[in-house]
Amino acid sequence: MTAAASLATAFLPLFVLRLDVGFGEAAVAPSAISLISDRFDRIRRPPAVSLYMAGSFIGAAAALLLGAPLVHWMETAPPIVVGMKRWQTTFLLVGLPGFGLALLMLTFSEAARTELIRTTITSIATAVRFIVGRSKAFGTLFVGSAFVVTLGSLSL
Amino acid sequence: MSRPLELQPIASTTLRSAHGGWYMVGLLTLVQSVSYIDRFLPSPVLPAIKRDLHLTDFQLGLLLGPAFHSSMSRSAFHSAGSLTAYPGAQFCPLASPRGVR
């Protein structure tokens, strides 16, 4: 989607493509946590999850640390893709490695599920009741992560 | 029925082999960092986008996402995230998580 954003020539397409990036990314974390918890038992899970979570900060730092020099280099170098604006080329260059990474994701096998949340009623209402019933645990996590994101966003 | 949901081990609880697990975690870390690169990439190229597409500051705000809900939804990008995080999480137990990705 980031690569596709390089083709945007107006506000609306760019907006929709950014929405799509959001949709895609929303699926990353639940899937990753699920994959990790199937592969690692309770004792080895925390370091694995920590390493995975560190990816966010590596990525955020890389985007800003390497993004700025990349933009500067693009402004001075001759255009790489003729007929494309330089910011569009930036999106294209940054978006392309994602396809290779997607292929790499096929190279590991999924572990069998060893823990399941057994449900008698599979509905959102049941899930909400489950969370409300444990409001102290979920509440602190929810409020805590909300503050983390708020504080993180302020620095942008 | 007192507890509609409970965590239930369906296989032996012995320590599972982490064979190949760290390779997977490494890839997932890479995926996560790439997704954050995608998330923050517009910041450095924003002035160029604004110039080329003749955008207003409000439109830039919509693209990048200021905190107009104090926490969860940083504009379009994050609303999409918070809207799909829940259905996304719902699919995980049902389907292969890789299929969801």
# chains A, B, ... in the order shown; residues from 1 in each chain; ligands from 1
>>> residues_around(residues="Leu27 of chain B", least_positions_apart="4", cutoff="10 Å", atoms="only C-alpha atoms", output="mmCIF file with N, CA and C atoms, in the first residue's frame")
data_model
loop_
_atom_site.group_PDB
_atom_site.id
_atom_site.type_symbol
_atom_site.label_atom_id
_atom_site.label_comp_id
_atom_site.auth_asym_id
_atom_site.auth_seq_id
_atom_site.Cartn_x
_atom_site.Cartn_y
_atom_site.Cartn_z
ATOM 1 N N ALA A 32 0.744 -11.651 15.122
ATOM 2 C CA ALA A 32 2.096 -11.913 15.610
ATOM 3 C C ALA A 32 2.057 -12.493 17.024
ATOM 4 N N TYR A 52 9.766 -8.784 19.571
ATOM 5 C CA TYR A 52 8.816 -8.405 18.527
ATOM 6 C C TYR A 52 8.350 -6.956 18.717
ATOM 7 N N GLY A 55 10.398 -4.091 17.557
ATOM 8 C CA GLY A 55 10.315 -3.782 16.133
ATOM 9 C C GLY A 55 9.647 -2.449 15.868
ATOM 10 N N LEU A 101 9.558 -9.298 2.069
ATOM 11 C CA LEU A 101 9.313 -9.726 3.448
ATOM 12 C C LEU A 101 8.085 -10.629 3.517
ATOM 13 N N ALA A 102 7.065 -10.289 2.732
ATOM 14 C CA ALA A 102 5.846 -11.102 2.710
ATOM 15 C C ALA A 102 6.170 -12.523 2.242
ATOM 16 N N LEU A 104 9.121 -13.993 2.573
ATOM 17 C CA LEU A 104 9.892 -14.626 3.645
ATOM 18 C C LEU A 104 8.978 -15.195 4.723
ATOM 19 N N MET A 105 7.830 -14.562 4.918
ATOM 20 C CA MET A 105 6.909 -15.014 5.951
ATOM 21 C C MET A 105 6.378 -16.414 5.661
ATOM 22 N N THR A 107 8.281 -18.833 4.948
ATOM 23 C CA THR A 107 9.362 -19.789 5.149
ATOM 24 C C THR A 107 9.335 -20.461 6.509
ATOM 25 N N PHE A 108 8.443 -20.063 7.407
ATOM 26 C CA PHE A 108 8.375 -20.806 8.672
ATOM 27 C C PHE A 108 7.013 -21.482 8.785
ATOM 28 N N GLY B 21 11.769 -21.021 16.291
ATOM 29 C CA GLY B 21 10.908 -19.973 16.848
ATOM 30 C C GLY B 21 11.537 -18.604 16.772
ATOM 31 N N TRP B 22 12.838 -18.559 17.047
ATOM 32 C CA TRP B 22 13.503 -17.252 17.044
ATOM 33 C C TRP B 22 13.638 -16.699 15.645
ATOM 34 N N TYR B 23 13.728 -17.597 14.666
ATOM 35 C CA TYR B 23 13.720 -17.153 13.274
ATOM 36 C C TYR B 23 12.396 -16.451 12.975
ATOM 37 N N VAL B 31 8.817 -7.393 10.307
ATOM 38 C CA VAL B 31 7.509 -6.974 9.806
ATOM 39 C C VAL B 31 7.004 -5.779 10.603
ATOM 40 N N GLN B 32 7.165 -5.870 11.924
ATOM 41 C CA GLN B 32 6.690 -4.786 12.781
ATOM 42 C C GLN B 32 7.452 -3.497 12.491
ATOM 43 N N SER B 33 8.773 -3.610 12.291
ATOM 44 C CA SER B 33 9.514 -2.377 12.035
ATOM 45 C C SER B 33 9.147 -1.809 10.672
#
>>> closest_residue(among="B:Pro47, B:Phe58, B:Val25, B:Ser35", to="Glu25 of chain A", atoms="only C-alpha atoms")
B:Ser35
>>> atom_distance(atom1="atom CA of Gly98 of chain A", atom2="atom CA of Gln59 of chain B")
26.8 Å
>>> atom_distance(atom1="atom CA of Leu60 of chain B", atom2="atom CA of Thr76 of chain A")
24.4 Å
>>> select_by_dssp(residues="segment 8-148 of chain A", states="strand (DSSP E or B)", output="count of residues only")
5
>>> residues_around(residues="Tyr36 of chain B", least_positions_apart="2", cutoff="7 Å", atoms="only C-alpha atoms", output="list in words")
Ser56, Gly59 and Ala60 of chain A; Gln32, Ser33, Val34, Asp38, Arg39 and Phe40 of chain B
>>> closest_residue(among="A:Met74, A:Ala146, A:Ile131, A:Leu92", to="chain B", atoms="only C-alpha atoms")
A:Ala146
>>> closest_residue(among="B:Met24, B:Leu41, B:Leu30, B:Leu46", to="Gly67 of chain A", atoms="only C-alpha atoms")
B:Leu41
